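A quick write-up on the structure given underneath.
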Protein chains: 2
Amino acid sequence: MMNETVNLEAAFQQIPEPWVPVVAGELNGQQVKLARARGSYIWHHLADEDELFLVLKGTLEIHLREEDHERVVTIGEGAFFIVPRGVEHKPVAPNGDAHLLLFEPASTRNTGNVDHAHTIEPGELTTLD
Amino acid sequence: MMNETVNLEAAFQQIPEPWVPVVAGELNGQQVKLARARGSYIWHHLADEDELFLVLKGTLEIHLREEDHERVVTIGEGAFFIVPRGVEHKPVAPNGDAHLLLFEPASTRNTGNVDHAHTIEPGELTTLD
């Protein structure tokens with residue numbers, strides 16, 4: 001994986017399932033993860049980690065609970081958004097499959113504070129071939 | 001900048017000059033930078049920072065000095081490559097303008113160990129509106 005170029009479109013061929021991130025690169029204690037999104041994820045927050053969502057294909061909505069209100073951020077293809085640490089959020093791909101690139105610390109747990117069927121502990125994520 | 005989505009294509013409208021990175025996002029002590037590449041940059045290395053180059057448009061070659069040989073990595077559109085810390089490298093955009101997204105620690109100096117007309121100290125980079 002390291003020491004080679006990673007073609008994003010080809011990489012997504014290795015990712016059949018939605019919401020199961022794959023590690024595509026690691027640097028400075030951070031990871032580049034790729035994930036397909038489809039429908040709704042779960043509400044959760046990351047206590048100590050900011051999380052970047054770059055949309056490579058499709059559209060991603062991120063529902064956010066900020067202070068006393070909710071808002072929805074829509075990330076179109078070719079755009080990114082950073083969810084600050086501590087903010088409750090729920091990613092949703094409303095129009096079928098979206099392709100996401102995530103930047104976050106290697107320590108990040110995918111469902112944050114929540115235990116869920118989607119949970120995969122950080123050390124147990126698959127790394128791209 | 002924070003708290004909003006960043007559309008990459010629109011952001012590049014704000015970046016007229018090649019090799020002058022602009023900060024487009026910050027998270028976990030790292031920065032997302034955008035840069036145009038045109039022709040050859042300079043040989044340099046970053047002592048303590050790995051550096052990710054994601055090519056959004058065009059093609060980027062990275063010349064690398066590894067142990068006793070040189071090699072050239074070609075990063076096509078939609079692909080990324082991570083230059084490990086300490087490795088001498090020279091980015092080259094051989095076919096005109098390329099659009100790059102860089103991910104690296106906020107402490108990173110753009111010309112690394114080299115003082116050059118291209119040098120901009122980390123705190124003095126422009127941040128995207």
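Each chain in the structure tokens gets a letter, A, B and so on, in the order shown; residues start at 1 in every chain, and ligands are counted from 1 in the order they appear.
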Given identical sequences, can you show me chain A least-squares superposed on chain B via all its Cα atoms in order, as a short mmCIF file (atom, residue, chain, number, x, y, z; two decimals) with N, CA and C atoms, in the first residue's frame?
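Saved result, result-v4.cif, follows:
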```cif
data_model
loop_
_atom_site.label_atom_id
_atom_site.label_comp_id
_atom_site.auth_asym_id
_atom_site.auth_seq_id
_atom_site.Cartn_x
_atom_site.Cartn_y
_atom_site.Cartn_z
N MET A 1 -14.05 29.34 6.78
CA MET A 1 -13.52 28.13 6.15
C MET A 1 -14.04 26.89 6.87
N MET A 2 -13.73 26.77 8.17
CA MET A 2 -14.27 25.66 8.93
C MET A 2 -15.78 25.82 8.96
N ASN A 3 -16.45 24.68 9.20
CA ASN A 3 -17.89 24.75 9.39
C ASN A 3 -18.64 24.97 8.09
N GLU A 4 -17.96 24.88 6.96
CA GLU A 4 -18.61 25.00 5.67
C GLU A 4 -18.03 23.95 4.74
N THR A 5 -18.81 23.59 3.73
CA THR A 5 -18.25 22.69 2.72
C THR A 5 -17.30 23.48 1.82
N VAL A 6 -16.30 22.80 1.33
CA VAL A 6 -15.35 23.40 0.40
C VAL A 6 -15.47 22.66 -0.93
N ASN A 7 -15.89 23.37 -1.95
CA ASN A 7 -15.94 22.80 -3.30
C ASN A 7 -14.57 22.99 -3.94
N LEU A 8 -13.96 21.88 -4.32
CA LEU A 8 -12.56 21.95 -4.75
C LEU A 8 -12.39 22.73 -6.04
N GLU A 9 -13.28 22.49 -6.99
CA GLU A 9 -13.13 23.18 -8.27
C GLU A 9 -13.28 24.70 -8.09
N ALA A 10 -14.25 25.09 -7.28
CA ALA A 10 -14.44 26.52 -7.02
C ALA A 10 -13.24 27.10 -6.28
N ALA A 11 -12.67 26.30 -5.37
CA ALA A 11 -11.53 26.78 -4.59
C ALA A 11 -10.34 27.10 -5.50
N PHE A 12 -10.16 26.29 -6.54
CA PHE A 12 -9.00 26.53 -7.41
C PHE A 12 -9.13 27.84 -8.19
N GLN A 13 -10.34 28.36 -8.30
CA GLN A 13 -10.51 29.69 -8.91
C GLN A 13 -9.81 30.77 -8.09
N GLN A 14 -9.63 30.49 -6.80
CA GLN A 14 -8.97 31.47 -5.93
C GLN A 14 -7.46 31.28 -5.88
N ILE A 15 -6.94 30.37 -6.68
CA ILE A 15 -5.51 30.06 -6.63
C ILE A 15 -4.90 30.28 -8.00
N PRO A 16 -4.46 31.49 -8.29
CA PRO A 16 -3.97 31.75 -9.64
C PRO A 16 -2.56 31.22 -9.89
N GLU A 17 -1.73 31.19 -8.85
CA GLU A 17 -0.30 30.96 -9.07
C GLU A 17 0.10 29.52 -8.81
N PRO A 18 0.97 28.95 -9.64
CA PRO A 18 1.47 27.60 -9.34
C PRO A 18 2.40 27.60 -8.13
N TRP A 19 2.40 26.48 -7.43
CA TRP A 19 3.34 26.20 -6.33
C TRP A 19 3.17 27.13 -5.14
N VAL A 20 2.02 27.77 -5.03
CA VAL A 20 1.74 28.58 -3.83
C VAL A 20 0.53 27.95 -3.14
N PRO A 21 0.77 27.06 -2.17
CA PRO A 21 -0.35 26.35 -1.56
C PRO A 21 -1.25 27.27 -0.74
N VAL A 22 -2.52 26.91 -0.71
CA VAL A 22 -3.52 27.64 0.07
C VAL A 22 -4.13 26.65 1.06
N VAL A 23 -4.35 27.07 2.28
CA VAL A 23 -4.92 26.20 3.30
C VAL A 23 -6.44 26.16 3.13
N ALA A 24 -6.98 24.96 2.91
CA ALA A 24 -8.41 24.81 2.66
C ALA A 24 -9.13 24.16 3.83
N GLY A 25 -8.39 23.61 4.79
CA GLY A 25 -9.02 22.98 5.93
C GLY A 25 -7.97 22.59 6.96
N GLU A 26 -8.39 22.48 8.21
CA GLU A 26 -7.45 22.11 9.28
C GLU A 26 -8.15 21.17 10.24
N LEU A 27 -7.45 20.10 10.62
CA LEU A 27 -8.03 19.12 11.54
C LEU A 27 -6.95 18.30 12.18
N ASN A 28 -7.07 18.10 13.48
CA ASN A 28 -6.15 17.22 14.21
C ASN A 28 -4.68 17.61 14.01
N GLY A 29 -4.43 18.91 13.92
CA GLY A 29 -3.05 19.37 13.74
C GLY A 29 -2.53 19.23 12.33
N GLN A 30 -3.40 18.77 11.43
CA GLN A 30 -3.03 18.58 10.02
C GLN A 30 -3.72 19.64 9.18
N GLN A 31 -3.20 19.86 7.99
CA GLN A 31 -3.88 20.78 7.08
C GLN A 31 -4.17 20.12 5.74
N VAL A 32 -5.26 20.57 5.15
CA VAL A 32 -5.58 20.27 3.76
C VAL A 32 -5.14 21.49 2.96
N LYS A 33 -4.24 21.28 2.04
CA LYS A 33 -3.78 22.40 1.22
C LYS A 33 -4.11 22.12 -0.24
N LEU A 34 -4.35 23.17 -0.97
CA LEU A 34 -4.58 23.05 -2.41
C LEU A 34 -3.47 23.81 -3.11
N ALA A 35 -2.99 23.23 -4.20
CA ALA A 35 -1.93 23.90 -4.96
C ALA A 35 -2.05 23.56 -6.44
N ARG A 36 -1.76 24.53 -7.25
CA ARG A 36 -1.56 24.28 -8.68
C ARG A 36 -0.10 23.90 -8.89
N ALA A 37 0.12 22.98 -9.79
CA ALA A 37 1.49 22.60 -10.16
C ALA A 37 1.67 22.90 -11.64
N ARG A 38 2.85 23.38 -11.97
CA ARG A 38 3.14 23.65 -13.39
C ARG A 38 4.65 23.57 -13.57
N GLY A 39 5.09 22.69 -14.43
CA GLY A 39 6.54 22.51 -14.63
C GLY A 39 7.17 21.91 -13.39
N SER A 40 8.44 22.25 -13.15
CA SER A 40 9.21 21.61 -12.07
C SER A 40 9.22 22.42 -10.79
N TYR A 41 9.06 21.72 -9.69
CA TYR A 41 9.33 22.30 -8.37
C TYR A 41 10.81 22.04 -8.07
N ILE A 42 11.18 22.14 -6.82
CA ILE A 42 12.60 21.97 -6.47
C ILE A 42 12.80 20.68 -5.68
N TRP A 43 14.01 20.16 -5.70
CA TRP A 43 14.37 19.04 -4.84
C TRP A 43 14.38 19.49 -3.39
N HIS A 44 13.75 18.72 -2.52
CA HIS A 44 13.77 19.05 -1.09
C HIS A 44 13.31 17.82 -0.32
N HIS A 45 13.40 17.87 0.99
CA HIS A 45 12.77 16.83 1.80
C HIS A 45 12.17 17.46 3.05
N LEU A 46 11.23 16.76 3.64
CA LEU A 46 10.62 17.16 4.90
C LEU A 46 11.16 16.20 5.95
N ALA A 47 11.87 16.73 6.95
CA ALA A 47 12.55 15.85 7.89
C ALA A 47 11.57 15.01 8.71
N ASP A 48 10.47 15.61 9.13
CA ASP A 48 9.59 14.95 10.11
C ASP A 48 8.17 14.72 9.63
N GLU A 49 7.89 14.99 8.38
CA GLU A 49 6.50 14.93 7.93
C GLU A 49 6.35 14.09 6.67
N ASP A 50 5.43 13.14 6.72
CA ASP A 50 4.98 12.46 5.51
C ASP A 50 4.03 13.41 4.78
N GLU A 51 3.97 13.28 3.46
CA GLU A 51 3.19 14.24 2.68
C GLU A 51 2.37 13.50 1.63
N LEU A 52 1.07 13.76 1.65
CA LEU A 52 0.18 13.12 0.67
C LEU A 52 -0.13 14.07 -0.47
N PHE A 53 -0.01 13.55 -1.69
CA PHE A 53 -0.36 14.29 -2.91
C PHE A 53 -1.53 13.57 -3.58
N LEU A 54 -2.66 14.22 -3.64
CA LEU A 54 -3.83 13.70 -4.37
C LEU A 54 -4.01 14.58 -5.61
N VAL A 55 -4.02 13.96 -6.78
CA VAL A 55 -4.14 14.72 -8.03
C VAL A 55 -5.62 14.81 -8.43
N LEU A 56 -6.13 16.03 -8.45
CA LEU A 56 -7.54 16.27 -8.78
C LEU A 56 -7.71 16.54 -10.27
N LYS A 57 -6.67 17.05 -10.88
CA LYS A 57 -6.73 17.35 -12.32
C LYS A 57 -5.33 17.25 -12.88
N GLY A 58 -5.20 16.67 -14.06
CA GLY A 58 -3.89 16.58 -14.71
C GLY A 58 -3.05 15.43 -14.17
N THR A 59 -1.76 15.59 -14.29
CA THR A 59 -0.81 14.54 -13.93
C THR A 59 0.35 15.15 -13.15
N LEU A 60 0.78 14.45 -12.12
CA LEU A 60 1.96 14.89 -11.37
C LEU A 60 2.97 13.76 -11.35
N GLU A 61 4.21 14.10 -11.67
CA GLU A 61 5.32 13.17 -11.46
C GLU A 61 6.03 13.56 -10.18
N ILE A 62 6.40 12.57 -9.39
CA ILE A 62 7.26 12.87 -8.24
C ILE A 62 8.56 12.10 -8.43
N HIS A 63 9.63 12.86 -8.58
CA HIS A 63 10.97 12.28 -8.66
C HIS A 63 11.44 12.03 -7.24
N LEU A 64 11.95 10.84 -7.00
CA LEU A 64 12.34 10.43 -5.64
C LEU A 64 13.79 9.95 -5.64
N ARG A 65 14.53 10.34 -4.63
CA ARG A 65 15.88 9.78 -4.43
C ARG A 65 15.79 8.79 -3.29
N GLU A 66 15.88 7.51 -3.64
CA GLU A 66 15.74 6.44 -2.65
C GLU A 66 17.04 5.67 -2.59
N GLU A 67 17.63 5.64 -1.42
CA GLU A 67 18.93 4.97 -1.24
C GLU A 67 19.87 5.37 -2.38
N ASP A 68 20.21 4.45 -3.24
CA ASP A 68 21.24 4.79 -4.24
C ASP A 68 20.68 4.99 -5.64
N HIS A 69 19.34 5.13 -5.75
CA HIS A 69 18.82 5.33 -7.10
C HIS A 69 17.69 6.37 -7.09
N GLU A 70 17.37 6.83 -8.29
CA GLU A 70 16.21 7.71 -8.43
C GLU A 70 15.09 6.93 -9.09
N ARG A 71 13.85 7.28 -8.73
CA ARG A 71 12.74 6.75 -9.52
C ARG A 71 11.70 7.86 -9.67
N VAL A 72 10.82 7.68 -10.63
CA VAL A 72 9.75 8.65 -10.87
C VAL A 72 8.42 7.96 -10.69
N VAL A 73 7.60 8.50 -9.81
CA VAL A 73 6.24 8.02 -9.61
C VAL A 73 5.30 8.95 -10.37
N THR A 74 4.45 8.39 -11.19
CA THR A 74 3.48 9.21 -11.93
C THR A 74 2.10 9.05 -11.29
N ILE A 75 1.55 10.17 -10.86
CA ILE A 75 0.23 10.16 -10.22
C ILE A 75 -0.78 10.74 -11.21
N GLY A 76 -1.67 9.90 -11.66
CA GLY A 76 -2.70 10.35 -12.59
C GLY A 76 -3.86 11.00 -11.86
N GLU A 77 -4.78 11.54 -12.64
CA GLU A 77 -5.97 12.17 -12.07
C GLU A 77 -6.76 11.15 -11.25
N GLY A 78 -7.14 11.54 -10.04
CA GLY A 78 -7.90 10.63 -9.19
C GLY A 78 -7.05 9.62 -8.46
N ALA A 79 -5.77 9.89 -8.32
CA ALA A 79 -4.89 8.98 -7.58
C ALA A 79 -4.06 9.78 -6.58
N PHE A 80 -3.57 9.08 -5.55
CA PHE A 80 -2.70 9.77 -4.59
C PHE A 80 -1.45 8.95 -4.31
N PHE A 81 -0.47 9.64 -3.73
CA PHE A 81 0.79 9.02 -3.35
C PHE A 81 1.27 9.72 -2.08
N ILE A 82 1.91 8.94 -1.20
CA ILE A 82 2.45 9.50 0.04
C ILE A 82 3.98 9.47 -0.02
N VAL A 83 4.61 10.63 0.08
CA VAL A 83 6.07 10.70 0.16
C VAL A 83 6.45 10.57 1.63
N PRO A 84 7.19 9.51 1.99
CA PRO A 84 7.57 9.35 3.39
C PRO A 84 8.55 10.43 3.84
N ARG A 85 8.48 10.75 5.10
CA ARG A 85 9.39 11.76 5.66
C ARG A 85 10.85 11.40 5.34
N GLY A 86 11.63 12.44 5.12
CA GLY A 86 13.07 12.23 4.92
C GLY A 86 13.47 11.93 3.50
N VAL A 87 12.52 11.64 2.63
CA VAL A 87 12.86 11.26 1.25
C VAL A 87 12.95 12.51 0.37
N GLU A 88 14.10 12.67 -0.28
CA GLU A 88 14.28 13.78 -1.23
C GLU A 88 13.32 13.59 -2.39
N HIS A 89 12.62 14.65 -2.73
CA HIS A 89 11.67 14.53 -3.84
C HIS A 89 11.53 15.85 -4.59
N LYS A 90 11.09 15.71 -5.82
CA LYS A 90 10.87 16.88 -6.69
C LYS A 90 9.59 16.66 -7.49
N PRO A 91 8.52 17.38 -7.16
CA PRO A 91 7.28 17.26 -7.95
C PRO A 91 7.43 17.99 -9.29
N VAL A 92 6.86 17.39 -10.31
CA VAL A 92 6.88 17.97 -11.66
C VAL A 92 5.52 17.75 -12.31
N ALA A 93 4.96 18.83 -12.85
CA ALA A 93 3.73 18.69 -13.64
C ALA A 93 4.15 18.83 -15.10
N PRO A 94 4.27 17.71 -15.79
CA PRO A 94 4.88 17.75 -17.12
C PRO A 94 3.96 18.29 -18.21
N ASN A 95 2.64 18.21 -17.98
CA ASN A 95 1.70 18.56 -19.06
C ASN A 95 0.88 19.79 -18.73
N GLY A 96 1.51 20.85 -18.26
CA GLY A 96 0.75 22.04 -17.91
C GLY A 96 0.13 21.89 -16.54
N ASP A 97 -0.88 22.70 -16.28
CA ASP A 97 -1.46 22.86 -14.96
C ASP A 97 -2.02 21.55 -14.38
N ALA A 98 -1.59 21.22 -13.16
CA ALA A 98 -2.22 20.13 -12.41
C ALA A 98 -2.78 20.70 -11.12
N HIS A 99 -3.87 20.10 -10.64
CA HIS A 99 -4.48 20.54 -9.38
C HIS A 99 -4.20 19.50 -8.32
N LEU A 100 -3.64 19.93 -7.20
CA LEU A 100 -3.22 19.02 -6.14
C LEU A 100 -3.93 19.32 -4.84
N LEU A 101 -4.27 18.25 -4.12
CA LEU A 101 -4.70 18.37 -2.73
C LEU A 101 -3.62 17.70 -1.89
N LEU A 102 -3.12 18.42 -0.89
CA LEU A 102 -2.06 17.91 -0.01
C LEU A 102 -2.62 17.71 1.40
N PHE A 103 -2.23 16.61 2.04
CA PHE A 103 -2.48 16.43 3.48
C PHE A 103 -1.12 16.38 4.15
N GLU A 104 -0.95 17.18 5.18
CA GLU A 104 0.32 17.17 5.90
C GLU A 104 0.15 17.93 7.20
N PRO A 105 1.09 17.77 8.13
CA PRO A 105 0.97 18.49 9.40
C PRO A 105 0.98 20.01 9.18
N ALA A 106 0.29 20.71 10.07
CA ALA A 106 0.22 22.17 9.96
C ALA A 106 1.59 22.81 10.06
N SER A 107 2.54 22.08 10.64
CA SER A 107 3.90 22.59 10.82
C SER A 107 4.75 22.53 9.55
N THR A 108 4.21 21.91 8.50
CA THR A 108 5.04 21.63 7.32
C THR A 108 5.47 22.90 6.58
N ARG A 109 6.75 22.98 6.26
CA ARG A 109 7.30 24.10 5.49
C ARG A 109 7.34 23.66 4.03
N ASN A 110 6.81 24.49 3.12
CA ASN A 110 6.58 24.01 1.75
C ASN A 110 7.84 23.58 1.02
N THR A 111 8.97 24.21 1.30
CA THR A 111 10.20 23.79 0.64
C THR A 111 11.10 22.97 1.58
N GLY A 112 10.52 22.52 2.68
CA GLY A 112 11.23 21.63 3.59
C GLY A 112 12.57 22.20 4.04
N ASN A 113 13.63 21.44 3.77
CA ASN A 113 14.97 21.80 4.24
C ASN A 113 15.63 22.89 3.40
N VAL A 114 14.98 23.33 2.31
CA VAL A 114 15.62 24.23 1.36
C VAL A 114 15.04 25.64 1.50
N ASP A 115 15.93 26.65 1.47
CA ASP A 115 15.48 28.04 1.37
C ASP A 115 15.46 28.42 -0.10
N HIS A 116 14.33 28.96 -0.54
CA HIS A 116 14.14 29.15 -1.98
C HIS A 116 13.12 30.26 -2.18
N ALA A 117 13.08 30.81 -3.39
CA ALA A 117 12.05 31.82 -3.70
C ALA A 117 10.64 31.28 -3.43
N HIS A 118 10.45 29.97 -3.55
CA HIS A 118 9.13 29.37 -3.29
C HIS A 118 8.79 29.30 -1.79
N THR A 119 9.76 29.47 -0.93
CA THR A 119 9.53 29.24 0.51
C THR A 119 8.48 30.19 1.07
N ILE A 120 7.51 29.60 1.77
CA ILE A 120 6.56 30.39 2.57
C ILE A 120 6.51 29.70 3.93
N GLU A 121 6.75 30.43 4.99
CA GLU A 121 6.75 29.80 6.31
C GLU A 121 5.32 29.34 6.64
N PRO A 122 5.21 28.23 7.41
CA PRO A 122 3.89 27.62 7.63
C PRO A 122 2.80 28.60 8.09
N GLY A 123 3.12 29.48 9.01
CA GLY A 123 2.09 30.39 9.52
C GLY A 123 1.67 31.47 8.54
N GLU A 124 2.39 31.57 7.42
CA GLU A 124 2.15 32.68 6.50
C GLU A 124 1.40 32.29 5.23
N LEU A 125 0.96 31.05 5.17
CA LEU A 125 0.16 30.63 4.02
C LEU A 125 -1.21 31.30 4.05
N THR A 126 -1.74 31.54 2.89
CA THR A 126 -3.09 32.09 2.78
C THR A 126 -4.11 31.00 3.09
N THR A 127 -5.17 31.39 3.77
CA THR A 127 -6.28 30.48 4.03
C THR A 127 -7.41 30.83 3.08
N LEU A 128 -8.02 29.80 2.58
CA LEU A 128 -9.14 29.97 1.64
C LEU A 128 -10.25 30.79 2.31
N ASP A 129 -10.87 31.68 1.54
CA ASP A 129 -12.01 32.46 2.08
C ASP A 129 -13.13 31.55 2.54
#
```
Once DSSP has gone over the backbone, tell me which residues of region 17-125 of chain A are in strand (DSSP E), as a PyMOL selection string. chain A and resi 22-27+30-40+51-57+60-66+69-75+79-83+88-105
Store the residues picked out above in a file with C-alpha atoms, as a PDB file, in the first residue's frame.
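Contents of again-v5.pdb, as written:
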```
ATOM      1  CA  VAL A  22     -10.938   0.462   4.178  1.00  0.00           C
ATOM      2  CA  VAL A  23      -7.543   1.965   5.006  1.00  0.00           C
ATOM      3  CA  ALA A  24      -5.931   3.287   1.817  1.00  0.00           C
ATOM      4  CA  GLY A  25      -2.996   5.202   3.289  1.00  0.00           C
ATOM      5  CA  GLU A  26      -1.324   6.174   6.550  1.00  0.00           C
ATOM      6  CA  LEU A  27       0.784   9.217   7.394  1.00  0.00           C
ATOM      7  CA  GLN A  30      -3.484   9.792  10.407  1.00  0.00           C
ATOM      8  CA  GLN A  31      -5.264   7.498   7.999  1.00  0.00           C
ATOM      9  CA  VAL A  32      -6.857   7.894   4.602  1.00  0.00           C
ATOM     10  CA  LYS A  33      -9.941   5.723   4.534  1.00  0.00           C
ATOM     11  CA  LEU A  34     -12.308   4.965   1.701  1.00  0.00           C
ATOM     12  CA  ALA A  35     -15.937   4.078   2.252  1.00  0.00           C
ATOM     13  CA  ARG A  36     -19.098   3.611   0.285  1.00  0.00           C
ATOM     14  CA  ALA A  37     -22.154   5.285   1.744  1.00  0.00           C
ATOM     15  CA  ARG A  38     -25.714   4.172   1.105  1.00  0.00           C
ATOM     16  CA  GLY A  39     -28.781   5.324   3.005  1.00  0.00           C
ATOM     17  CA  SER A  40     -28.413   6.333   6.656  1.00  0.00           C
ATOM     18  CA  GLU A  51     -13.154  14.013  10.715  1.00  0.00           C
ATOM     19  CA  LEU A  52     -12.914  15.042   7.078  1.00  0.00           C
ATOM     20  CA  PHE A  53     -15.397  13.768   4.492  1.00  0.00           C
ATOM     21  CA  LEU A  54     -14.442  14.266   0.839  1.00  0.00           C
ATOM     22  CA  VAL A  55     -17.124  13.146  -1.619  1.00  0.00           C
ATOM     23  CA  LEU A  56     -15.624  11.533  -4.721  1.00  0.00           C
ATOM     24  CA  LYS A  57     -18.897  10.364  -6.219  1.00  0.00           C
ATOM     25  CA  LEU A  60     -23.503  12.972   1.161  1.00  0.00           C
ATOM     26  CA  GLU A  61     -25.654  14.728   3.727  1.00  0.00           C
ATOM     27  CA  ILE A  62     -24.301  15.148   7.216  1.00  0.00           C
ATOM     28  CA  HIS A  63     -26.909  15.777   9.874  1.00  0.00           C
ATOM     29  CA  LEU A  64     -25.384  17.719  12.755  1.00  0.00           C
ATOM     30  CA  ARG A  65     -26.603  18.451  16.279  1.00  0.00           C
ATOM     31  CA  GLU A  66     -25.146  21.833  17.167  1.00  0.00           C
ATOM     32  CA  HIS A  69     -30.568  22.865  16.854  1.00  0.00           C
ATOM     33  CA  GLU A  70     -29.990  20.415  14.034  1.00  0.00           C
ATOM     34  CA  ARG A  71     -28.742  21.298  10.605  1.00  0.00           C
ATOM     35  CA  VAL A  72     -27.958  19.325   7.466  1.00  0.00           C
ATOM     36  CA  VAL A  73     -24.821  19.944   5.440  1.00  0.00           C
ATOM     37  CA  THR A  74     -24.952  18.656   1.871  1.00  0.00           C
ATOM     38  CA  ILE A  75     -21.595  17.701   0.371  1.00  0.00           C
ATOM     39  CA  ALA A  79     -16.393  18.882  -2.091  1.00  0.00           C
ATOM     40  CA  PHE A  80     -15.354  18.207   1.489  1.00  0.00           C
ATOM     41  CA  PHE A  81     -16.521  19.037   4.989  1.00  0.00           C
ATOM     42  CA  ILE A  82     -14.844  18.669   8.388  1.00  0.00           C
ATOM     43  CA  VAL A  83     -16.951  17.521  11.355  1.00  0.00           C
ATOM     44  CA  GLU A  88     -23.038  14.517  17.080  1.00  0.00           C
ATOM     45  CA  HIS A  89     -23.501  13.667  13.443  1.00  0.00           C
ATOM     46  CA  LYS A  90     -25.224  11.222  11.127  1.00  0.00           C
ATOM     47  CA  PRO A  91     -24.022  10.761   7.531  1.00  0.00           C
ATOM     48  CA  VAL A  92     -26.707   9.952   4.966  1.00  0.00           C
ATOM     49  CA  ALA A  93     -26.333   9.129   1.279  1.00  0.00           C
ATOM     50  CA  PRO A  94     -29.803   9.994   0.039  1.00  0.00           C
ATOM     51  CA  ASN A  95     -29.373   9.093  -3.639  1.00  0.00           C
ATOM     52  CA  GLY A  96     -27.840   5.626  -3.599  1.00  0.00           C
ATOM     53  CA  ASP A  97     -24.143   4.857  -3.517  1.00  0.00           C
ATOM     54  CA  ALA A  98     -21.698   7.651  -2.628  1.00  0.00           C
ATOM     55  CA  HIS A  99     -17.914   7.286  -2.555  1.00  0.00           C
ATOM     56  CA  LEU A 100     -16.147   8.915   0.381  1.00  0.00           C
ATOM     57  CA  LEU A 101     -12.546   9.634   1.280  1.00  0.00           C
ATOM     58  CA  LEU A 102     -12.019  10.200   5.017  1.00  0.00           C
ATOM     59  CA  PHE A 103      -9.026  11.770   6.783  1.00  0.00           C
ATOM     60  CA  GLU A 104      -8.816  11.136  10.491  1.00  0.00           C
ATOM     61  CA  PRO A 105      -6.423   9.911  13.183  1.00  0.00           C
TER      62      PRO A 105
END
```
Can you list every residue in chain B that DSSP puts in alpha helix (DSSP H), as a PyMOL selection string? chain B and resi 8-12
